[in-house]
$ cat target_0.pdb   # PDB, C-alpha atoms
ATOM      1  CA  ASP D   1       0.000   0.000   0.000
ATOM      2  CA  ASP D   2       2.793   2.409   0.876
ATOM      3  CA  ASP D   3       4.525   1.705  -2.427
ATOM      4  CA  ALA D   4       1.282   2.279  -4.320
ATOM      5  CA  LEU D   5       0.707   5.551  -2.449
ATOM      6  CA  LEU D   6       4.272   6.686  -3.176
ATOM      7  CA  THR D   7       3.824   5.883  -6.854
ATOM      8  CA  ALA D   8       0.538   7.799  -6.952
ATOM      9  CA  TRP D   9       2.107  10.836  -5.237
ATOM     10  CA  SER D  10       5.101  10.789  -7.588
ATOM     11  CA  SER D  11       2.827  10.562 -10.609
ATOM     12  CA  ALA D  12       0.651  13.404  -9.298
ATOM     13  CA  ASN D  13       3.712  15.612  -8.702
ATOM     14  CA  GLU D  14       5.009  14.934 -12.214
ATOM     15  CA  GLU D  15       1.595  15.776 -13.653
ATOM     16  CA  LEU D  16       1.433  18.963 -11.581
ATOM     17  CA  GLU D  17       4.891  20.036 -12.776
ATOM     18  CA  ARG D  18       3.862  19.377 -16.381
ATOM     19  CA  VAL D  19       0.685  21.428 -15.978
ATOM     20  CA  GLN D  20       2.588  24.290 -14.306
ATOM     21  CA  LYS D  21       5.196  24.287 -17.085
ATOM     22  CA  ASN D  22       2.518  24.327 -19.793
ATOM     23  CA  LEU D  23       0.682  27.119 -17.979
ATOM     24  CA  ALA D  24       3.891  29.165 -17.669
ATOM     25  CA  ASP D  25       4.580  28.639 -21.394
ATOM     26  CA  TYR D  26       1.031  29.720 -22.242
ATOM     27  CA  LEU D  27       1.273  32.861 -20.111
ATOM     28  CA  GLU D  28       4.631  33.654 -21.708
ATOM     29  CA  THR D  29       3.022  33.662 -25.172
ATOM     30  CA  LYS D  30       0.474  36.188 -23.903
ATOM     31  CA  ARG D  31       3.200  38.365 -22.389
ATOM     32  CA  ALA D  32       5.231  38.168 -25.587
ATOM     33  CA  ALA D  33       2.189  39.480 -27.494
ATOM     34  CA  PHE D  34       1.614  42.352 -25.027
ATOM     35  CA  ALA D  35       4.758  43.142 -23.060
ATOM     36  CA  ARG D  36       2.963  45.113 -20.340
ATOM     37  CA  PHE D  37       1.531  41.854 -19.066
ATOM     38  CA  TYR D  38       4.970  41.324 -17.518
ATOM     39  CA  PHE D  39       3.892  43.873 -14.891
ATOM     40  CA  LEU D  40       1.176  41.455 -13.751
ATOM     41  CA  SER D  41       1.593  38.382 -11.578
ATOM     42  CA  ASN D  42       0.572  34.973 -12.942
ATOM     43  CA  ASP D  43      -2.576  35.019 -10.800
ATOM     44  CA  GLU D  44      -3.595  38.459 -12.130
ATOM     45  CA  LEU D  45      -2.988  37.464 -15.737
ATOM     46  CA  ILE D  46      -4.940  34.232 -15.283
ATOM     47  CA  SER D  47      -7.789  36.271 -13.794
ATOM     48  CA  ILE D  48      -7.925  38.354 -16.991
ATOM     49  CA  LEU D  49      -7.597  35.411 -19.362
ATOM     50  CA  SER D  50     -10.313  33.455 -17.567
ATOM     51  CA  GLN D  51     -12.784  36.254 -18.360
ATOM     52  CA  THR D  52     -11.837  37.093 -21.944
ATOM     53  CA  LYS D  53     -15.490  37.676 -22.891
ATOM     54  CA  ASP D  54     -15.774  40.427 -20.270
ATOM     55  CA  PRO D  55     -13.471  43.384 -21.111
ATOM     56  CA  ASN D  56     -14.387  44.975 -17.776
ATOM     57  CA  ALA D  57     -12.312  42.261 -16.101
ATOM     58  CA  VAL D  58      -9.135  44.176 -17.041
ATOM     59  CA  GLN D  59     -10.233  47.362 -15.245
ATOM     60  CA  PRO D  60      -8.634  46.492 -11.848
ATOM     61  CA  HIS D  61      -5.329  45.707 -13.582
ATOM     62  CA  LEU D  62      -5.046  48.746 -15.894
ATOM     63  CA  ARG D  63      -3.081  50.786 -13.337
ATOM     64  CA  LYS D  64      -0.336  48.139 -13.371
ATOM     65  CA  CYS D  65      -0.147  48.012 -17.160
ATOM     66  CA  PHE D  66      -0.241  51.761 -17.788
ATOM     67  CA  GLU D  67       1.414  54.692 -16.036
ATOM     68  CA  ALA D  68      -1.746  56.626 -15.264
ATOM     69  CA  ILE D  69      -4.800  54.891 -16.734
ATOM     70  CA  HIS D  70      -6.947  54.070 -13.717
ATOM     71  CA  SER D  71     -10.010  53.024 -15.701
ATOM     72  CA  ILE D  72     -11.529  53.157 -19.169
ATOM     73  CA  THR D  73     -15.078  54.223 -20.034
ATOM     74  CA  MET D  74     -16.886  51.213 -21.543
ATOM     75  CA  THR D  75     -20.447  51.449 -22.827
ATOM     76  CA  GLY D  76     -22.974  49.149 -24.425
ATOM     77  CA  GLU D  77     -23.074  45.390 -24.811
ATOM     78  CA  GLN D  78     -19.901  45.525 -26.924
ATOM     79  CA  CYS D  79     -18.086  47.468 -24.160
ATOM     80  CA  GLU D  80     -17.068  50.227 -26.587
ATOM     81  CA  MET D  81     -14.105  52.124 -25.108
ATOM     82  CA  SER D  82     -14.204  55.911 -25.420
ATOM     83  CA  ASP D  83     -12.152  57.581 -22.644
ATOM     84  CA  MET D  84      -9.218  56.909 -20.343
ATOM     85  CA  ILE D  85      -9.524  58.156 -16.773
ATOM     86  CA  SER D  86      -6.671  58.821 -14.359
ATOM     87  CA  ALA D  87      -6.661  58.258 -10.597
ATOM     88  CA  GLU D  88      -7.201  62.022 -10.233
ATOM     89  CA  LYS D  89     -10.421  61.700 -12.325
ATOM     90  CA  GLU D  90      -8.919  63.509 -15.310
ATOM     91  CA  VAL D  91     -10.595  62.301 -18.494
ATOM     92  CA  MET D  92      -8.861  62.130 -21.868
ATOM     93  CA  PRO D  93     -10.994  60.928 -24.806
ATOM     94  CA  PHE D  94      -9.748  58.372 -27.295
ATOM     95  CA  ASP D  95      -9.346  59.849 -30.774
ATOM     96  CA  THR D  96     -11.569  57.033 -32.081
ATOM     97  CA  PRO D  97     -13.760  54.644 -30.042
ATOM     98  CA  LEU D  98     -12.244  51.202 -29.581
ATOM     99  CA  GLN D  99     -14.070  47.899 -29.902
ATOM    100  CA  PRO D 100     -12.432  45.133 -27.811
ATOM    101  CA  LYS D 101     -12.552  42.176 -30.181
ATOM    102  CA  GLY D 102     -10.457  39.046 -30.357
ATOM    103  CA  SER D 103      -7.819  37.956 -27.862
ATOM    104  CA  VAL D 104      -7.294  40.156 -24.827
ATOM    105  CA  GLU D 105      -3.605  40.730 -25.591
ATOM    106  CA  LEU D 106      -4.536  42.082 -29.035
ATOM    107  CA  TRP D 107      -7.037  44.680 -27.900
ATOM    108  CA  MET D 108      -4.852  45.620 -24.941
ATOM    109  CA  GLY D 109      -2.204  46.411 -27.564
ATOM    110  CA  GLU D 110      -4.815  48.486 -29.386
ATOM    111  CA  ILE D 111      -5.498  50.391 -26.151
ATOM    112  CA  GLU D 112      -1.791  51.244 -25.936
ATOM    113  CA  THR D 113      -1.670  52.434 -29.545
ATOM    114  CA  THR D 114      -4.902  54.406 -29.156
ATOM    115  CA  MET D 115      -3.587  55.993 -25.942
ATOM    116  CA  ARG D 116      -0.437  57.262 -27.672
ATOM    117  CA  ARG D 117      -2.329  58.420 -30.751
ATOM    118  CA  SER D 118      -4.900  60.239 -28.580
ATOM    119  CA  VAL D 119      -2.246  61.988 -26.477
ATOM    120  CA  ARG D 120      -0.470  63.103 -29.650
ATOM    121  CA  LYS D 121      -3.746  64.464 -31.059
ATOM    122  CA  GLU D 122      -4.476  66.340 -27.815
ATOM    123  CA  THR D 123      -0.924  67.721 -27.852
ATOM    124  CA  GLU D 124      -1.306  68.930 -31.434
ATOM    125  CA  THR D 125      -4.638  70.549 -30.532
ATOM    126  CA  GLY D 126      -3.039  72.109 -27.459
ATOM    127  CA  ILE D 127      -0.228  73.659 -29.514
ATOM    128  CA  ALA D 128      -2.814  75.325 -31.776
ATOM    129  CA  ASP D 129      -4.964  76.459 -28.817
ATOM    130  CA  TYR D 130      -1.984  77.915 -26.938
ATOM    131  CA  LYS D 131      -1.510  80.464 -29.712
ATOM    132  CA  VAL D 132      -5.052  81.810 -29.493
ATOM    133  CA  GLN D 133      -6.246  81.248 -25.920
ATOM    134  CA  ALA D 134      -5.430  83.295 -22.861
ATOM    135  CA  ARG D 135      -2.706  81.457 -20.956
ATOM    136  CA  GLY D 136      -4.803  80.915 -17.841
ATOM    137  CA  ASP D 137      -7.760  79.612 -19.847
ATOM    138  CA  PHE D 138      -5.463  77.258 -21.721
ATOM    139  CA  MET D 139      -4.042  75.772 -18.516
ATOM    140  CA  LYS D 140      -7.523  75.166 -17.106
ATOM    141  CA  SER D 141      -9.028  73.641 -20.237
ATOM    142  CA  HIS D 142      -6.389  71.094 -21.206
ATOM    143  CA  ALA D 143      -5.070  67.858 -19.754
ATOM    144  CA  SER D 144      -2.216  68.314 -17.286
ATOM    145  CA  MET D 145       0.469  66.630 -19.388
ATOM    146  CA  VAL D 146      -0.633  68.554 -22.496
ATOM    147  CA  ALA D 147      -0.524  71.878 -20.647
ATOM    148  CA  ILE D 148       2.956  71.110 -19.284
ATOM    149  CA  SER D 149       4.456  69.808 -22.528
ATOM    150  CA  VAL D 150       3.033  72.675 -24.612
ATOM    151  CA  SER D 151       4.217  75.304 -22.100
ATOM    152  CA  GLN D 152       7.685  73.693 -22.113
ATOM    153  CA  LEU D 153       7.626  73.733 -25.915
ATOM    154  CA  ASP D 154       6.763  77.441 -25.868
ATOM    155  CA  TRP D 155       9.468  78.103 -23.256
ATOM    156  CA  THR D 156      12.117  76.416 -25.415
ATOM    157  CA  SER D 157      11.034  78.411 -28.454
ATOM    158  CA  CYS D 158      10.954  81.731 -26.569
ATOM    159  CA  VAL D 159      14.362  81.250 -24.940
ATOM    160  CA  GLU D 160      16.014  80.375 -28.249
ATOM    161  CA  LEU D 161      14.337  83.336 -29.943
ATOM    162  CA  ALA D 162      15.506  85.640 -27.128
ATOM    163  CA  ILE D 163      19.079  84.349 -27.412
ATOM    164  CA  SER D 164      19.096  84.642 -31.210
ATOM    165  CA  ASP D 165      17.631  88.142 -31.252
ATOM    166  CA  GLY D 166      19.345  89.760 -28.286
ATOM    167  CA  GLY D 167      21.891  87.409 -26.771
ATOM    168  CA  CYS D 168      22.150  87.673 -22.989
ATOM    169  CA  ASP D 169      20.175  90.957 -22.992
ATOM    170  CA  GLY D 170      17.364  89.225 -24.830
ATOM    171  CA  VAL D 171      17.288  86.507 -22.168
ATOM    172  CA  ARG D 172      17.071  89.194 -19.452
ATOM    173  CA  GLN D 173      14.044  90.688 -21.179
ATOM    174  CA  TYR D 174      12.430  87.258 -21.458
ATOM    175  CA  LEU D 175      13.002  86.685 -17.729
ATOM    176  CA  GLU D 176      10.747  89.676 -17.058
ATOM    177  CA  THR D 177       8.071  88.059 -19.223
ATOM    178  CA  MET D 178       8.412  84.802 -17.289
ATOM    179  CA  VAL D 179       8.051  86.561 -13.941
ATOM    180  CA  ALA D 180       4.870  88.236 -15.212
ATOM    181  CA  GLN D 181       3.526  84.857 -16.362
ATOM    182  CA  LEU D 182       4.249  83.342 -12.933
ATOM    183  CA  LYS D 183       2.398  86.208 -11.250
ATOM    184  CA  GLU D 184      -0.543  85.521 -13.549
ATOM    185  CA  LEU D 185      -0.544  81.862 -12.517
ATOM    186  CA  SER D 186      -0.310  82.776  -8.831
ATOM    187  CA  LEU D 187      -3.398  84.962  -9.211
ATOM    188  CA  LEU D 188      -5.181  82.179 -11.059
ATOM    189  CA  VAL D 189      -4.506  79.734  -8.224
ATOM    190  CA  ARG D 190      -6.360  82.048  -5.832
ATOM    191  CA  THR D 191      -9.526  81.878  -7.906
ATOM    192  CA  LYS D 192     -12.185  79.200  -7.532
ATOM    193  CA  LEU D 193     -10.692  76.065  -9.068
ATOM    194  CA  SER D 194     -11.812  72.458  -8.992
ATOM    195  CA  LYS D 195      -9.690  69.915  -7.138
ATOM    196  CA  LEU D 196      -8.380  68.610 -10.467
ATOM    197  CA  GLN D 197      -7.559  72.097 -11.763
ATOM    198  CA  SER D 198      -5.679  72.852  -8.530
ATOM    199  CA  LYS D 199      -3.517  69.758  -9.036
ATOM    200  CA  VAL D 200      -2.849  70.733 -12.645
ATOM    201  CA  MET D 201      -1.893  74.283 -11.670
ATOM    202  CA  SER D 202       0.383  73.014  -8.895
ATOM    203  CA  ALA D 203       2.286  70.790 -11.343
ATOM    204  CA  ILE D 204       2.542  73.582 -13.931
ATOM    205  CA  ILE D 205       3.870  76.090 -11.406
ATOM    206  CA  VAL D 206       6.575  73.637 -10.274
ATOM    207  CA  MET D 207       7.758  73.272 -13.874
ATOM    208  CA  GLU D 208       7.498  77.018 -14.559
ATOM    209  CA  LEU D 209       9.591  77.835 -11.486
ATOM    210  CA  HIS D 210      12.288  75.477 -12.703
ATOM    211  CA  ALA D 211      12.165  77.109 -16.129
ATOM    212  CA  ARG D 212      12.625  80.517 -14.475
ATOM    213  CA  ASP D 213      15.614  79.202 -12.491
ATOM    214  CA  VAL D 214      17.166  77.901 -15.716
ATOM    215  CA  VAL D 215      16.774  81.305 -17.377
ATOM    216  CA  GLU D 216      18.423  82.972 -14.378
ATOM    217  CA  ARG D 217      21.366  80.570 -14.697
ATOM    218  CA  LEU D 218      21.627  81.372 -18.407
ATOM    219  CA  ILE D 219      21.936  85.056 -17.521
ATOM    220  CA  GLU D 220      24.551  84.350 -14.843
ATOM    221  CA  ALA D 221      26.556  82.292 -17.374
ATOM    222  CA  GLY D 222      26.299  85.052 -19.982
ATOM    223  CA  VAL D 223      24.796  82.780 -22.635
ATOM    224  CA  SER D 224      24.793  84.509 -26.028
ATOM    225  CA  ARG D 225      24.387  81.604 -28.485
ATOM    226  CA  THR D 226      21.870  78.773 -28.689
ATOM    227  CA  GLY D 227      24.804  76.367 -28.965
ATOM    228  CA  ASP D 228      26.272  77.311 -25.573
ATOM    229  CA  PHE D 229      26.525  74.340 -23.255
ATOM    230  CA  GLU D 230      24.546  75.976 -20.441
ATOM    231  CA  TRP D 231      21.544  76.020 -22.774
ATOM    232  CA  VAL D 232      21.940  72.755 -24.712
ATOM    233  CA  SER D 233      22.387  70.880 -21.417
ATOM    234  CA  GLN D 234      18.768  71.692 -20.530
ATOM    235  CA  LEU D 235      15.802  69.447 -21.311
ATOM    236  CA  ARG D 236      14.196  71.089 -24.342
ATOM    237  CA  TYR D 237      10.998  70.334 -26.261
ATOM    238  CA  TYR D 238      10.481  70.732 -30.020
ATOM    239  CA  TRP D 239       7.562  70.142 -32.426
ATOM    240  CA  GLU D 240       9.184  69.118 -35.697
ATOM    241  CA  GLU D 241       8.742  67.018 -38.796
ATOM    242  CA  ARG D 242       9.700  63.512 -37.699
ATOM    243  CA  GLU D 243       7.644  60.728 -39.227
ATOM    244  CA  SER D 244       6.209  58.161 -36.831
ATOM    245  CA  ARG D 245       3.232  55.825 -36.816
ATOM    246  CA  PHE D 246       1.298  58.563 -35.004
ATOM    247  CA  GLY D 247       1.808  61.339 -37.582
ATOM    248  CA  PRO D 248       4.291  63.297 -39.716
ATOM    249  CA  ILE D 249       5.034  65.946 -37.046
ATOM    250  CA  ASN D 250       5.923  64.921 -33.515
ATOM    251  CA  MET D 251       7.233  66.151 -30.187
ATOM    252  CA  LEU D 252      10.971  65.668 -29.732
ATOM    253  CA  VAL D 253      12.994  66.061 -26.539
ATOM    254  CA  ARG D 254      16.629  67.174 -26.714
ATOM    255  CA  MET D 255      19.442  67.422 -24.201
ATOM    256  CA  VAL D 256      23.101  67.953 -25.164
ATOM    257  CA  GLN D 257      23.702  65.660 -28.177
ATOM    258  CA  CYS D 258      20.666  63.464 -27.472
ATOM    259  CA  THR D 259      17.370  63.650 -29.343
ATOM    260  CA  TYR D 260      14.574  61.341 -28.276
ATOM    261  CA  PRO D 261      10.937  61.138 -29.424
ATOM    262  CA  TYR D 262       8.272  62.083 -26.893
ATOM    263  CA  GLY D 263       6.557  58.870 -25.809
ATOM    264  CA  TYR D 264       2.925  60.092 -25.571
ATOM    265  CA  GLU D 265       2.405  57.870 -22.509
ATOM    266  CA  TYR D 266      -0.652  59.186 -20.683
ATOM    267  CA  LEU D 267       0.487  60.638 -17.331
ATOM    268  CA  GLY D 268      -2.775  61.843 -15.825
ATOM    269  CA  ALA D 269      -2.725  64.814 -13.458
ATOM    270  CA  SER D 270       0.062  63.508 -11.267
ATOM    271  CA  SER D 271       1.987  65.892  -9.024
ATOM    272  CA  ARG D 272       5.539  66.992  -9.850
ATOM    273  CA  LEU D 273       8.479  67.019  -7.482
ATOM    274  CA  VAL D 274      10.554  70.191  -7.246
ATOM    275  CA  VAL D 275      13.211  70.055  -9.965
ATOM    276  CA  THR D 276      16.729  70.543  -8.578
ATOM    277  CA  PRO D 277      20.173  70.629 -10.262
ATOM    278  CA  LEU D 278      20.499  66.954  -9.263
ATOM    279  CA  THR D 279      17.280  66.223 -11.168
ATOM    280  CA  ASP D 280      18.787  67.889 -14.244
ATOM    281  CA  ARG D 281      21.869  65.685 -13.964
ATOM    282  CA  CYS D 282      19.608  62.627 -13.697
ATOM    283  CA  TYR D 283      17.794  63.759 -16.844
ATOM    284  CA  MET D 284      21.132  64.106 -18.625
ATOM    285  CA  THR D 285      22.287  60.649 -17.546
ATOM    286  CA  LEU D 286      19.020  59.019 -18.590
ATOM    287  CA  MET D 287      18.913  60.844 -21.936
ATOM    288  CA  GLY D 288      22.487  59.758 -22.596
ATOM    289  CA  ALA D 289      21.599  56.160 -21.797
ATOM    290  CA  LEU D 290      18.608  56.253 -24.149
ATOM    291  CA  HIS D 291      20.760  57.857 -26.840
ATOM    292  CA  ILE D 292      23.270  55.001 -26.815
ATOM    293  CA  LYS D 293      20.427  52.474 -26.390
ATOM    294  CA  LEU D 294      21.456  51.108 -22.996
TER     295      LEU D 294
END
$ encode --input "target_0.pdb" --output "structure tokens"
Amino acid sequence: DDDALLTAWSSANEELERVQKNLADYLETKRAAFARFYFLSNDELISILSQTKDPNAVQPHLRKCFEAIHSITMTGEQCEMSDMISAEKEVMPFDTPLQPKGSVELWMGEIETTMRRSVRKETETGIADYKVQARGDFMKSHASMVAISVSQLDWTSCVELAISDGGCDGVRQYLETMVAQLKELSLLVRTKLSKLQSKVMSAIIVMELHARDVVERLIEAGVSRTGDFEWVSQLRYYWEERESRFGPINMLVRMVQCTYPYGYEYLGASSRLVVTPLTDRCYMTLMGALHIKL
């Protein structure tokens, strides 16, 4: 009897190991198809795959797969997806509604592509709106990451124009403009804002203060050319012709000799830490690593 029991246990263990190996291989094929599944544990991924006919089953796991997507608006029997919502309740619409059809890893990949395409579209719209809207109205009416990236794009353009037109004196004049813009934002913060708008304004002011500090350092260094190291060592944003699967013109980020495409990863209305000189050095190190494909 003992020998028979031992044989049965050994056989059961071998069968269990075979099943576990086959399951691990199966989950690996799903992760290979949609790499963000690597952020999920086996139990979480199995939970999603066991409910493939119910797209809502992925909702609790979205925050692990995406930086800031807390949930997605799904409507109707087909669970048509129309908006992505951050933890701060910021809503960014998809550029086109998405129908979750087929395997879960396929339409999760479509969510990722749609997210990037939608953020790029909102950014392009924001660039056009920034030229015609009052600055305060623009900040309140656009998604946080769009408001920040567009304002950084404008800052880069204005600083380079100031340097080209007037050298260090031109930068001094632009500093006065920046101080006036900061005063405008400080007055705006004192008005009646929603909780979300307050978070957006807080993040924008942090970035604007850093931009002002950079301009002050440019003046102290006597920068007179756009090629001076004190300027090119800053994180700069550009909207230029650079073909990608999202469009012919895209946001580019430059620092020293590095140029890297803006990722269009939805960031929600997350807060921003105060940017220090150490942060700038971290940016430079990371940009350099991306440049040489580490």
$ resolve_selection --input "target_0.pdb" --expression "the PyMOL selection byres ((chain D and resi 71) around 10)" --output "ChimeraX atom specification"
/D:56,58-63,68-70,72-74,83-87,89,91
$ atom_distance --input "target_0.pdb" --atom1 "CA of Asp213 in chain D" --atom2 "CA of Thr123 in chain D"
25.3 Å
$ atom_distance --input "target_0.pdb" --atom1 "CA of Ala203 in chain D" --atom2 "CA of Trp239 in chain D"
21.7 Å
$ atom_distance --input "target_0.pdb" --atom1 "CA of Lys195 in chain D" --atom2 "CA of Thr125 in chain D"
23.9 Å
$ resolve_selection --input "target_0.pdb" --expression "the PyMOL selection byres ((chain D and resi 105) around 10)" --output "MDAnalysis selection string"
chainID D and resid 29:37 48:49 52 102:104 106:111
$ closest_residue --input "target_0.pdb" --among "D:Glu216, D:Cys258, D:Glu265, D:Asn250" --to "Glu112 in chain D" --atoms "only C-alpha atoms"
D:Glu265
$ closest_residue --input "target_0.pdb" --among "D:Ser233, D:Val223, D:Ile163, D:Lys140" --to "Thr191 in chain D" --atoms "all atoms listed in the file"
D:Lys140
$ resolve_selection --input "target_0.pdb" --expression "the PyMOL selection byres ((chain D and resi 224) around 8)" --output "ChimeraX atom specification"
/D:163-164,166-168,222-223,225-226,228
$ write_last_selection --input "target_0.pdb" --atoms "C-alpha atoms" --output "PDB file, in the coordinates of the input"
ATOM      1  CA  ILE D 163      19.079  84.349 -27.412  1.00  0.00           C
ATOM      2  CA  SER D 164      19.096  84.642 -31.210  1.00  0.00           C
ATOM      3  CA  GLY D 166      19.345  89.760 -28.286  1.00  0.00           C
ATOM      4  CA  GLY D 167      21.891  87.409 -26.771  1.00  0.00           C
ATOM      5  CA  CYS D 168      22.150  87.673 -22.989  1.00  0.00           C
ATOM      6  CA  GLY D 222      26.299  85.052 -19.982  1.00  0.00           C
ATOM      7  CA  VAL D 223      24.796  82.780 -22.635  1.00  0.00           C
ATOM      8  CA  ARG D 225      24.387  81.604 -28.485  1.00  0.00           C
ATOM      9  CA  THR D 226      21.870  78.773 -28.689  1.00  0.00           C
ATOM     10  CA  ASP D 228      26.272  77.311 -25.573  1.00  0.00           C
TER      11      ASP D 228
END
$ closest_atom_pairs --input "target_0.pdb" --of "range 118-220 of chain D" --to "range 271-278 of chain D" --cutoff "12 Å" --atoms "only C-alpha atoms" --output "CSV"
residue,atom,partner,partner_atom,distance
D:Ser144,CA,D:Ser271,CA,9.6
D:Met145,CA,D:Ser271,CA,10.5
D:Ile148,CA,D:Arg272,CA,10.6
D:Leu196,CA,D:Ser271,CA,10.8
D:Gln197,CA,D:Ser271,CA,11.7
D:Ser198,CA,D:Ser271,CA,10.4
D:Lys199,CA,D:Ser271,CA,6.7
D:Val200,CA,D:Ser271,CA,7.7
D:Met201,CA,D:Ser271,CA,9.6
D:Ser202,CA,D:Ser271,CA,7.3
D:Ala203,CA,D:Arg272,CA,5.2
D:Ile204,CA,D:Arg272,CA,8.3
D:Ile205,CA,D:Arg272,CA,9.4
D:Val206,CA,D:Val274,CA,6.1
D:Met207,CA,D:Val275,CA,7.4
D:Glu208,CA,D:Val275,CA,10.1
D:Leu209,CA,D:Val275,CA,8.7
D:His210,CA,D:Val275,CA,6.1
D:Ala211,CA,D:Val275,CA,9.4
D:Arg212,CA,D:Val275,CA,11.4
D:Asp213,CA,D:Thr276,CA,9.6
D:Val214,CA,D:Pro277,CA,9.6
D:Arg217,CA,D:Pro277,CA,11.0
$ residues_around --input "target_0.pdb" --residues "range 242-248 of chain D" --least-positions-apart "5" --cutoff "9 Å" --atoms "only C-alpha atoms" --output "PyMOL selection string"
chain D and resi 113+116-117+120-121+261
$ write_last_selection --input "target_0.pdb" --atoms "C-alpha atoms" --output "CSV table (one decimal), in the frame of the given file"
chain,number,residue,atom,x,y,z
D,113,THR,CA,-1.7,52.4,-29.5
D,116,ARG,CA,-0.4,57.3,-27.7
D,117,ARG,CA,-2.3,58.4,-30.8
D,120,ARG,CA,-0.5,63.1,-29.6
D,121,LYS,CA,-3.7,64.5,-31.1
D,261,PRO,CA,10.9,61.1,-29.4
